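Raw contents of structure15.txt, compact mmCIF, C-alpha atoms:
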```txt
# COMPACT_ATOMS: atom_id res chain seq x y z
CA MET A 30 -0.76 27.23 17.97
CA VAL A 31 1.98 27.65 20.55
CA LEU A 32 3.17 24.97 22.95
CA SER A 33 2.26 25.94 26.49
CA ALA A 34 4.76 25.64 29.33
CA ALA A 35 3.01 22.48 30.52
CA GLU A 36 3.10 20.95 27.03
CA ARG A 37 6.80 21.70 26.65
CA ALA A 38 7.52 20.20 30.06
CA ALA A 39 5.55 17.07 29.13
CA VAL A 40 7.44 16.59 25.86
CA ARG A 41 10.83 17.18 27.51
CA ALA A 42 9.99 14.77 30.35
CA LEU A 43 8.96 12.03 27.95
CA TRP A 44 12.08 12.55 25.84
CA THR A 45 14.24 12.18 28.94
CA LYS A 46 12.41 8.94 29.69
CA LEU A 47 13.03 7.65 26.15
CA GLY A 48 16.73 8.18 26.78
CA SER A 49 18.97 6.36 24.34
CA ASN A 50 16.01 4.49 22.83
CA VAL A 51 14.89 7.37 20.62
CA GLY A 52 16.76 5.76 17.72
CA VAL A 53 15.00 2.43 18.25
CA TYR A 54 11.59 4.08 18.23
CA ALA A 55 12.34 6.29 15.24
CA THR A 56 13.46 3.18 13.35
CA GLU A 57 10.24 1.38 14.27
CA ALA A 58 8.27 4.46 13.17
CA LEU A 59 10.05 4.37 9.81
CA GLU A 60 9.29 0.65 9.36
CA ARG A 61 5.65 1.30 10.20
CA THR A 62 5.52 4.20 7.75
CA PHE A 63 6.88 2.10 4.87
CA LEU A 64 4.34 -0.65 5.56
CA ALA A 65 1.27 1.48 6.30
CA PHE A 66 1.97 4.09 3.63
CA PRO A 67 3.77 2.33 0.77
CA THR A 68 4.03 5.56 -1.27
CA THR A 69 6.69 6.74 1.21
CA LYS A 70 9.02 4.02 -0.07
CA THR A 71 9.40 5.95 -3.33
CA TYR A 72 11.93 8.16 -1.56
CA PHE A 73 14.14 5.20 -0.69
CA PRO A 74 14.69 3.18 -3.89
CA HIS A 75 18.36 2.88 -2.90
CA PHE A 76 17.58 1.37 0.51
CA ASP A 77 17.11 -2.19 1.66
CA LEU A 78 13.71 -1.80 3.31
CA THR A 79 13.37 -5.32 4.71
CA PRO A 80 12.69 -5.43 8.48
CA GLY A 81 15.91 -5.11 10.44
CA SER A 82 17.72 -3.34 7.62
CA ALA A 83 20.90 -1.60 8.76
CA GLN A 84 20.16 1.28 6.40
CA VAL A 85 16.73 1.89 7.94
CA LYS A 86 18.27 1.65 11.42
CA ALA A 87 20.89 4.23 10.53
CA HIS A 88 18.26 6.48 9.05
CA GLY A 89 16.10 6.03 12.14
CA GLN A 90 18.98 7.30 14.24
CA LYS A 91 19.29 10.37 12.00
CA VAL A 92 15.59 11.10 12.45
CA ALA A 93 15.94 10.52 16.20
CA ASP A 94 18.84 12.96 16.47
CA ALA A 95 16.87 15.60 14.60
CA LEU A 96 13.87 15.13 16.88
CA THR A 97 16.07 15.31 19.99
CA ARG A 98 17.52 18.52 18.63
CA ALA A 99 13.99 19.82 18.13
CA VAL A 100 13.08 18.99 21.75
CA ALA A 101 16.13 20.98 22.86
CA HIS A 102 15.05 23.98 20.77
CA LEU A 103 11.31 24.20 21.35
CA ASP A 104 11.56 27.98 21.53
CA ASP A 105 12.98 28.33 18.06
CA LEU A 106 12.25 25.36 15.84
CA PRO A 107 12.42 27.17 12.47
CA THR A 108 16.01 28.28 13.13
CA ALA A 109 17.06 24.97 14.66
CA LEU A 110 15.61 22.98 11.74
CA TRP A 111 16.39 25.39 8.91
CA ALA A 112 19.25 23.32 7.48
CA LEU A 113 17.10 20.17 7.57
CA SER A 114 14.25 21.98 5.88
CA ASP A 115 16.58 23.16 3.13
CA LEU A 116 17.90 19.61 2.71
CA HIS A 117 14.41 18.15 2.36
CA VAL A 118 13.29 20.80 -0.12
CA ARG A 119 16.31 21.22 -2.34
CA GLN A 120 18.17 17.95 -2.25
CA LEU A 121 15.76 15.27 -1.12
CA ARG A 122 12.69 16.97 -2.60
CA VAL A 123 10.25 15.19 -0.31
CA ASP A 124 6.59 16.17 -0.57
CA PRO A 125 5.73 17.62 2.87
CA VAL A 126 2.62 15.44 3.19
CA ASN A 127 4.99 12.61 4.09
CA PHE A 128 6.21 14.32 7.26
CA LYS A 129 2.73 13.90 8.72
CA LEU A 130 2.69 10.21 7.89
CA LEU A 131 5.96 9.59 9.73
CA GLY A 132 4.72 11.77 12.61
CA HIS A 133 1.60 9.63 12.93
CA CYS A 134 3.63 6.40 12.94
CA LEU A 135 5.92 7.84 15.59
CA LEU A 136 2.88 8.51 17.78
CA VAL A 137 1.66 4.93 17.23
CA THR A 138 5.12 3.64 18.19
CA LEU A 139 5.30 5.72 21.37
CA ALA A 140 1.69 4.85 22.30
CA ARG A 141 2.55 1.20 21.95
CA HIS A 142 5.72 1.31 24.05
CA TYR A 143 4.52 3.77 26.70
CA PRO A 144 0.77 3.20 27.04
CA GLY A 145 0.85 4.29 30.68
CA ASP A 146 2.43 7.62 29.78
CA PHE A 147 0.31 8.19 26.71
CA SER A 148 -2.61 10.02 28.33
CA PRO A 149 -4.82 12.15 26.08
CA ALA A 150 -3.00 15.27 27.36
CA MET A 151 0.43 13.76 26.60
CA HIS A 152 -0.88 12.64 23.22
CA ALA A 153 -2.10 16.19 22.51
CA SER A 154 1.26 17.69 23.56
CA LEU A 155 3.20 15.31 21.32
CA GLU A 156 0.84 15.90 18.40
CA LYS A 157 1.35 19.64 18.79
CA PHE A 158 5.13 19.26 19.08
CA LEU A 159 5.25 17.16 15.90
CA SER A 160 3.02 19.67 14.08
CA HIS A 161 5.50 22.39 14.97
CA VAL A 162 8.43 20.27 13.78
CA ILE A 163 6.60 19.58 10.52
CA LEU A 164 5.85 23.28 10.06
CA ALA A 165 9.50 24.13 10.63
CA LEU A 166 10.60 21.40 8.20
CA ALA A 167 8.20 22.67 5.56
CA ILE A 168 9.18 26.32 6.00
CA SER A 169 11.61 26.55 3.12
CA TYR A 170 9.12 24.99 0.73
CA GLY A 171 7.87 28.55 0.15
CA MET B 6 -13.15 -0.90 -4.43
CA VAL B 7 -10.42 -1.59 -1.88
CA HIS B 8 -9.05 -5.10 -1.91
CA PHE B 9 -8.00 -6.63 1.39
CA THR B 10 -5.76 -9.69 1.33
CA ALA B 11 -6.62 -12.70 3.46
CA GLU B 12 -3.80 -11.74 5.84
CA GLU B 13 -5.08 -8.19 6.19
CA LYS B 14 -8.62 -9.42 6.91
CA ALA B 15 -7.30 -11.88 9.48
CA ALA B 16 -5.24 -9.17 11.17
CA VAL B 17 -8.25 -6.88 11.45
CA VAL B 18 -10.79 -9.51 12.51
CA SER B 19 -8.58 -11.15 15.15
CA LEU B 20 -7.73 -7.86 16.84
CA TRP B 21 -11.31 -6.61 16.63
CA ALA B 22 -12.48 -9.68 18.55
CA LYS B 23 -10.47 -8.44 21.54
CA VAL B 24 -11.77 -4.87 21.48
CA ASN B 25 -14.08 -3.64 24.25
CA VAL B 26 -16.19 -1.44 22.00
CA GLU B 27 -17.70 0.62 24.82
CA LEU B 28 -14.34 1.39 26.46
CA VAL B 29 -12.34 1.92 23.30
CA GLY B 30 -15.12 3.91 21.61
CA GLY B 31 -15.25 6.42 24.44
CA GLU B 32 -11.48 6.74 24.45
CA VAL B 33 -11.25 7.21 20.69
CA LEU B 34 -13.83 9.99 20.59
CA GLY B 35 -12.47 11.56 23.77
CA ARG B 36 -8.95 11.70 22.35
CA LEU B 37 -10.26 13.23 19.11
CA LEU B 38 -11.85 16.05 21.11
CA VAL B 39 -8.73 16.55 23.27
CA VAL B 40 -6.04 16.31 20.61
CA TYR B 41 -7.96 18.19 17.88
CA PRO B 42 -10.10 20.60 19.90
CA TRP B 43 -11.76 22.11 16.83
CA THR B 44 -13.64 18.83 16.41
CA GLN B 45 -15.68 19.86 19.44
CA ARG B 46 -17.63 22.03 17.01
CA PHE B 47 -19.93 19.09 16.31
CA PHE B 48 -20.74 18.49 19.95
CA ASP B 49 -22.02 21.78 21.37
CA ASN B 50 -24.80 19.98 23.21
CA PHE B 51 -22.49 17.53 24.96
CA GLY B 52 -22.05 19.65 28.06
CA ASN B 53 -18.70 20.06 29.76
CA LEU B 54 -15.77 19.69 27.32
CA SER B 55 -13.56 22.22 29.08
CA SER B 56 -10.63 19.97 30.05
CA GLU B 57 -9.03 16.61 29.33
CA SER B 58 -10.69 15.03 32.39
CA ALA B 59 -14.05 16.64 31.60
CA ILE B 60 -13.95 15.27 28.06
CA MET B 61 -12.72 11.78 28.93
CA GLY B 62 -15.26 11.48 31.76
CA ASN B 63 -18.18 13.00 29.86
CA PRO B 64 -21.01 10.42 29.65
CA LYS B 65 -22.25 11.79 26.30
CA VAL B 66 -18.77 11.45 24.82
CA LYS B 67 -18.57 7.86 26.04
CA ALA B 68 -22.02 7.00 24.72
CA HIS B 69 -21.39 8.56 21.35
CA GLY B 70 -17.95 6.99 21.12
CA LYS B 71 -19.54 3.60 21.68
CA LYS B 72 -22.06 4.34 18.91
CA VAL B 73 -19.32 5.36 16.47
CA LEU B 74 -17.13 2.35 17.20
CA THR B 75 -20.09 -0.04 16.99
CA SER B 76 -20.69 1.34 13.52
CA PHE B 77 -17.02 0.73 12.76
CA GLY B 78 -17.60 -2.88 13.73
CA ASN B 79 -19.89 -3.04 10.73
CA ALA B 80 -16.93 -2.12 8.56
CA VAL B 81 -15.00 -5.09 9.94
CA LYS B 82 -17.89 -7.35 8.89
CA HIS B 83 -18.12 -5.84 5.40
CA MET B 84 -14.57 -5.11 4.39
CA ASP B 85 -15.34 -6.02 0.76
CA ASP B 86 -18.34 -3.74 0.54
CA LEU B 87 -17.62 -0.57 2.46
CA LYS B 88 -19.09 1.97 0.02
CA ASP B 89 -22.53 0.38 0.12
CA THR B 90 -22.33 -0.37 3.83
CA PHE B 91 -21.71 3.30 4.64
CA ALA B 92 -23.82 4.91 1.87
CA GLU B 93 -26.59 6.02 4.19
CA LEU B 94 -24.21 7.22 6.91
CA SER B 95 -22.27 9.14 4.27
CA GLU B 96 -25.36 11.04 3.21
CA LEU B 97 -26.25 11.68 6.83
CA HIS B 98 -22.80 13.11 7.64
CA CYS B 99 -23.02 15.38 4.60
CA ASP B 100 -26.62 16.53 4.56
CA LYS B 101 -27.57 16.53 8.22
CA MET B 102 -24.36 16.80 10.22
CA HIS B 103 -22.21 18.83 7.77
CA VAL B 104 -19.01 17.09 8.83
CA ASP B 105 -15.83 17.79 6.84
CA PRO B 106 -14.60 14.34 5.73
CA GLU B 107 -11.13 15.31 6.94
CA ASN B 108 -12.47 14.47 10.38
CA PHE B 109 -12.98 10.83 9.39
CA LYS B 110 -9.22 10.56 8.82
CA LEU B 111 -8.51 12.12 12.19
CA LEU B 112 -10.88 9.69 13.92
CA GLY B 113 -9.32 6.79 12.04
CA ASN B 114 -5.90 7.75 13.35
CA MET B 115 -7.29 7.98 16.87
CA ILE B 116 -8.57 4.39 16.53
CA LEU B 117 -5.09 3.25 15.56
CA ILE B 118 -3.41 5.03 18.43
CA VAL B 119 -5.87 3.71 21.02
CA LEU B 120 -5.43 0.18 19.63
CA ALA B 121 -1.67 0.65 19.97
CA THR B 122 -2.00 1.58 23.64
CA HIS B 123 -4.28 -1.37 24.42
CA PHE B 124 -2.60 -4.03 22.30
CA SER B 125 1.13 -3.30 22.37
CA LYS B 126 2.12 -6.87 21.57
CA GLU B 127 -0.39 -7.51 18.79
CA PHE B 128 -0.04 -4.14 17.06
CA THR B 129 2.90 -5.05 14.87
CA PRO B 130 3.75 -2.91 11.82
CA GLN B 131 1.88 -5.43 9.61
CA VAL B 132 -1.23 -5.27 11.78
CA GLN B 133 -1.05 -1.49 11.82
CA ALA B 134 -0.80 -1.44 8.01
CA ALA B 135 -3.98 -3.55 7.70
CA TRP B 136 -5.84 -1.29 10.12
CA GLN B 137 -4.50 1.82 8.42
CA LYS B 138 -5.92 0.50 5.15
CA LEU B 139 -9.29 -0.17 6.77
CA THR B 140 -9.63 3.22 8.46
CA THR B 141 -8.65 4.98 5.22
CA ALA B 142 -11.19 2.91 3.29
CA VAL B 143 -13.93 3.64 5.83
CA ALA B 144 -13.10 7.36 5.70
CA ASN B 145 -13.36 7.25 1.91
CA ALA B 146 -16.64 5.30 2.05
CA LEU B 147 -18.08 7.85 4.46
CA ALA B 148 -17.05 10.66 2.14
CA HIS B 149 -18.26 8.91 -1.00
CA ARG B 150 -21.81 10.34 -1.06
CA TYR B 151 -20.82 13.93 -0.37
CA HIS B 152 -22.07 16.48 -2.82
```

Using structure tokens, write down the structure from this file.
Amino acid sequence: MVLSAAERAAVRALWTKLGSNVGVYATEALERTFLAFPTTKTYFPHFDLTPGSAQVKAHGQKVADALTRAVAHLDDLPTALWALSDLHVRQLRVDPVNFKLLGHCLLVTLARHYPGDFSPAMHASLEKFLSHVILALAISYG
Amino acid sequence: MVHFTAEEKAAVVSLWAKVNVELVGGEVLGRLLVVYPWTQRFFDNFGNLSSESAIMGNPKVKAHGKKVLTSFGNAVKHMDDLKDTFAELSELHCDKMHVDPENFKLLGNMILIVLATHFSKEFTPQVQAAWQKLTTAVANALAHRYH
């Protein structure tokens, strides 16, 4: 399951379009994840999870930065995301099933904000990209 | 049995009223076949599924998508009784069509994403959560009679 040249180009082009709003969308994706999949909140007992929370916003920006890094390293995601994978396994100890839930909510967020860009082909490219990110994040789970 | 609050039911019913079942059904099934190409395994007799445009324009895909989403409309009408509502369909999907229930989850997520593209304003996180609950419950109801 490798991203083709066309799929990479599509993901990069969309990311350029998102510009400095990646943080806003990642934050919205997080809010959606907490509401749609309440079990994900168990990883954030120390957070204020009310809508508009500064903590969620800050975390959204962290997620956004990681995704932007991933887009810049499509040829070598495992290496680029190794440190993050280690963090999630050893320190945060997040069950990998949750990565998919956030990924899905990110797709919903992007579909909502960019319906005109969200063709089935773009959708497929993004889904593939996120699957690769999730694989790379889960790599140090053994 | 899944319990839907009054707010969740209202969120589902009000959005459903705006859905063009024929259009959205075709799009939902089409996207499933494009984004998760292995799901094409159930549709060998659908003709040309060789590209995104072939799939999205395929009349059999559109017709079947409409059928599937019409059936989903039944779920909206029977949110308190999904297991019984889908009992027969569950047996059919197991015994006759041999569909892995994992696919019901994938289709459910396609419904959500298509709703998000068509109803940007209405598809708030709360509305999504209600729909997420419904699609999960329908997927479980459809898997309930598997043996």

>> Residues of chain A within 10 Å of chain B, counting all atoms listed in the file, what are they? List them as a ChimeraX atom specification.
In response: /A:57-67,80,133-134,136-157

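Among the candidate residues B:His8, B:Lys101, B:Lys67, B:Arg46, the one lying nearest to Leu139 in chain B is B:His8, with distances computed using all atoms listed in the file.
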
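Once range 70-76 of chain B and its same-chain neighbours fewer than 2 positions away are set aside, Val24, Asn25, Val26, Glu27, Leu28, Val29, Gly30, Gly31, Glu32, Val33, Leu34, Gly35, Pro64, Lys65, Val66, Lys67, Ala68, Gly78, Asn79, Ala80, Val81, Thr90, Phe91, Leu94, Leu112 and Ile116 of chain B remain within 10 Å of it when counting all atoms listed in the file.
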
Include C-alpha atoms and write out the residues we just selected as an mmCIF file, keeping the file's coordinate frame.
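Output file out-v6.cif is given in full below:
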```cif
data_model
loop_
_atom_site.group_PDB
_atom_site.id
_atom_site.type_symbol
_atom_site.label_atom_id
_atom_site.label_comp_id
_atom_site.auth_asym_id
_atom_site.auth_seq_id
_atom_site.Cartn_x
_atom_site.Cartn_y
_atom_site.Cartn_z
ATOM 1 C CA VAL B 24 -11.770 -4.870 21.480
ATOM 2 C CA ASN B 25 -14.080 -3.640 24.250
ATOM 3 C CA VAL B 26 -16.190 -1.440 22.000
ATOM 4 C CA GLU B 27 -17.700 0.620 24.820
ATOM 5 C CA LEU B 28 -14.340 1.390 26.460
ATOM 6 C CA VAL B 29 -12.340 1.920 23.300
ATOM 7 C CA GLY B 30 -15.120 3.910 21.610
ATOM 8 C CA GLY B 31 -15.250 6.420 24.440
ATOM 9 C CA GLU B 32 -11.480 6.740 24.450
ATOM 10 C CA VAL B 33 -11.250 7.210 20.690
ATOM 11 C CA LEU B 34 -13.830 9.990 20.590
ATOM 12 C CA GLY B 35 -12.470 11.560 23.770
ATOM 13 C CA PRO B 64 -21.010 10.420 29.650
ATOM 14 C CA LYS B 65 -22.250 11.790 26.300
ATOM 15 C CA VAL B 66 -18.770 11.450 24.820
ATOM 16 C CA LYS B 67 -18.570 7.860 26.040
ATOM 17 C CA ALA B 68 -22.020 7.000 24.720
ATOM 18 C CA GLY B 78 -17.600 -2.880 13.730
ATOM 19 C CA ASN B 79 -19.890 -3.040 10.730
ATOM 20 C CA ALA B 80 -16.930 -2.120 8.560
ATOM 21 C CA VAL B 81 -15.000 -5.090 9.940
ATOM 22 C CA THR B 90 -22.330 -0.370 3.830
ATOM 23 C CA PHE B 91 -21.710 3.300 4.640
ATOM 24 C CA LEU B 94 -24.210 7.220 6.910
ATOM 25 C CA LEU B 112 -10.880 9.690 13.920
ATOM 26 C CA ILE B 116 -8.570 4.390 16.530
#
```

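Going from CA of Lys88 in chain B over to CA of Lys14 in chain B, you cover 16.9 Å.
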
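Using only C-alpha atoms, the nearest neighbour of Pro107 in chain A within the list A:Ser33, A:Asp124, A:Leu47, A:Val162 is A:Val162.
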
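The list of residues with at least one atom within 10 Å of Cys99 in chain B, based on only C-alpha atoms and without residues fewer than 6 positions apart in the same chain, reads Asp105, Pro106, Leu147, Ala148, His149, Arg150, Tyr151 and His152 of chain B.
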
At most 9 Å from (11.6, 10.9, 4.6), file frame, all atoms listed in the file: which residues, as a PDB file with C-alpha atoms, in the frame of the given file?
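The resulting point.pdb:
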```
ATOM      1  CA  LEU A  59      10.050   4.370   9.810  1.00  0.00           C
ATOM      2  CA  THR A  69       6.690   6.740   1.210  1.00  0.00           C
ATOM      3  CA  LYS A  70       9.020   4.020  -0.070  1.00  0.00           C
ATOM      4  CA  TYR A  72      11.930   8.160  -1.560  1.00  0.00           C
ATOM      5  CA  PHE A  73      14.140   5.200  -0.690  1.00  0.00           C
ATOM      6  CA  VAL A  92      15.590  11.100  12.450  1.00  0.00           C
ATOM      7  CA  HIS A 117      14.410  18.150   2.360  1.00  0.00           C
ATOM      8  CA  LEU A 121      15.760  15.270  -1.120  1.00  0.00           C
ATOM      9  CA  VAL A 123      10.250  15.190  -0.310  1.00  0.00           C
ATOM     10  CA  ASP A 124       6.590  16.170  -0.570  1.00  0.00           C
ATOM     11  CA  ASN A 127       4.990  12.610   4.090  1.00  0.00           C
ATOM     12  CA  PHE A 128       6.210  14.320   7.260  1.00  0.00           C
ATOM     13  CA  LEU A 131       5.960   9.590   9.730  1.00  0.00           C
TER      14      LEU A 131
END
```

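Comparing the minimum interatomic distances between His83 in chain B and each of B:Val143, B:Leu97, B:Leu111, B:Met102, counting only C-alpha atoms, we find that B:Val143 sits nearest.
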
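For Ala167 in chain A, the list of residues within 9 Å, based on only C-alpha atoms and with local chain neighbours fewer than 3 positions off taken out, reads Ser114, Asp115, His117, Val118, Pro125, Phe128, Val162, Ile163, Leu164, Tyr170 and Gly171 of chain A.
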
>> Given the point (15.7, 23.7, 15.8) in the coordinates of this file, which residues lie within 12 Å, counting only C-alpha atoms, and how would they look as a PyMOL selection string?
In response: chain A and resi 94-114+158+161-166

Any chance you can output those residues with C-alpha atoms as a PDB file, keeping the file's coordinate frame?
```
ATOM      1  CA  ASP A  94      18.840  12.960  16.470  1.00  0.00           C
ATOM      2  CA  ALA A  95      16.870  15.600  14.600  1.00  0.00           C
ATOM      3  CA  LEU A  96      13.870  15.130  16.880  1.00  0.00           C
ATOM      4  CA  THR A  97      16.070  15.310  19.990  1.00  0.00           C
ATOM      5  CA  ARG A  98      17.520  18.520  18.630  1.00  0.00           C
ATOM      6  CA  ALA A  99      13.990  19.820  18.130  1.00  0.00           C
ATOM      7  CA  VAL A 100      13.080  18.990  21.750  1.00  0.00           C
ATOM      8  CA  ALA A 101      16.130  20.980  22.860  1.00  0.00           C
ATOM      9  CA  HIS A 102      15.050  23.980  20.770  1.00  0.00           C
ATOM     10  CA  LEU A 103      11.310  24.200  21.350  1.00  0.00           C
ATOM     11  CA  ASP A 104      11.560  27.980  21.530  1.00  0.00           C
ATOM     12  CA  ASP A 105      12.980  28.330  18.060  1.00  0.00           C
ATOM     13  CA  LEU A 106      12.250  25.360  15.840  1.00  0.00           C
ATOM     14  CA  PRO A 107      12.420  27.170  12.470  1.00  0.00           C
ATOM     15  CA  THR A 108      16.010  28.280  13.130  1.00  0.00           C
ATOM     16  CA  ALA A 109      17.060  24.970  14.660  1.00  0.00           C
ATOM     17  CA  LEU A 110      15.610  22.980  11.740  1.00  0.00           C
ATOM     18  CA  TRP A 111      16.390  25.390   8.910  1.00  0.00           C
ATOM     19  CA  ALA A 112      19.250  23.320   7.480  1.00  0.00           C
ATOM     20  CA  LEU A 113      17.100  20.170   7.570  1.00  0.00           C
ATOM     21  CA  SER A 114      14.250  21.980   5.880  1.00  0.00           C
ATOM     22  CA  PHE A 158       5.130  19.260  19.080  1.00  0.00           C
ATOM     23  CA  HIS A 161       5.500  22.390  14.970  1.00  0.00           C
ATOM     24  CA  VAL A 162       8.430  20.270  13.780  1.00  0.00           C
ATOM     25  CA  ILE A 163       6.600  19.580  10.520  1.00  0.00           C
ATOM     26  CA  LEU A 164       5.850  23.280  10.060  1.00  0.00           C
ATOM     27  CA  ALA A 165       9.500  24.130  10.630  1.00  0.00           C
ATOM     28  CA  LEU A 166      10.600  21.400   8.200  1.00  0.00           C
TER      29      LEU A 166
END
```

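Between CA of Met6 in chain B and CA of Leu87 in chain B there is a distance of 8.2 Å.
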
> What separation in Å, quoted to one decimal, exists between CA of Gly48 in chain A and CA of Ala93 in chain A?
Replying inline: 10.9 Å
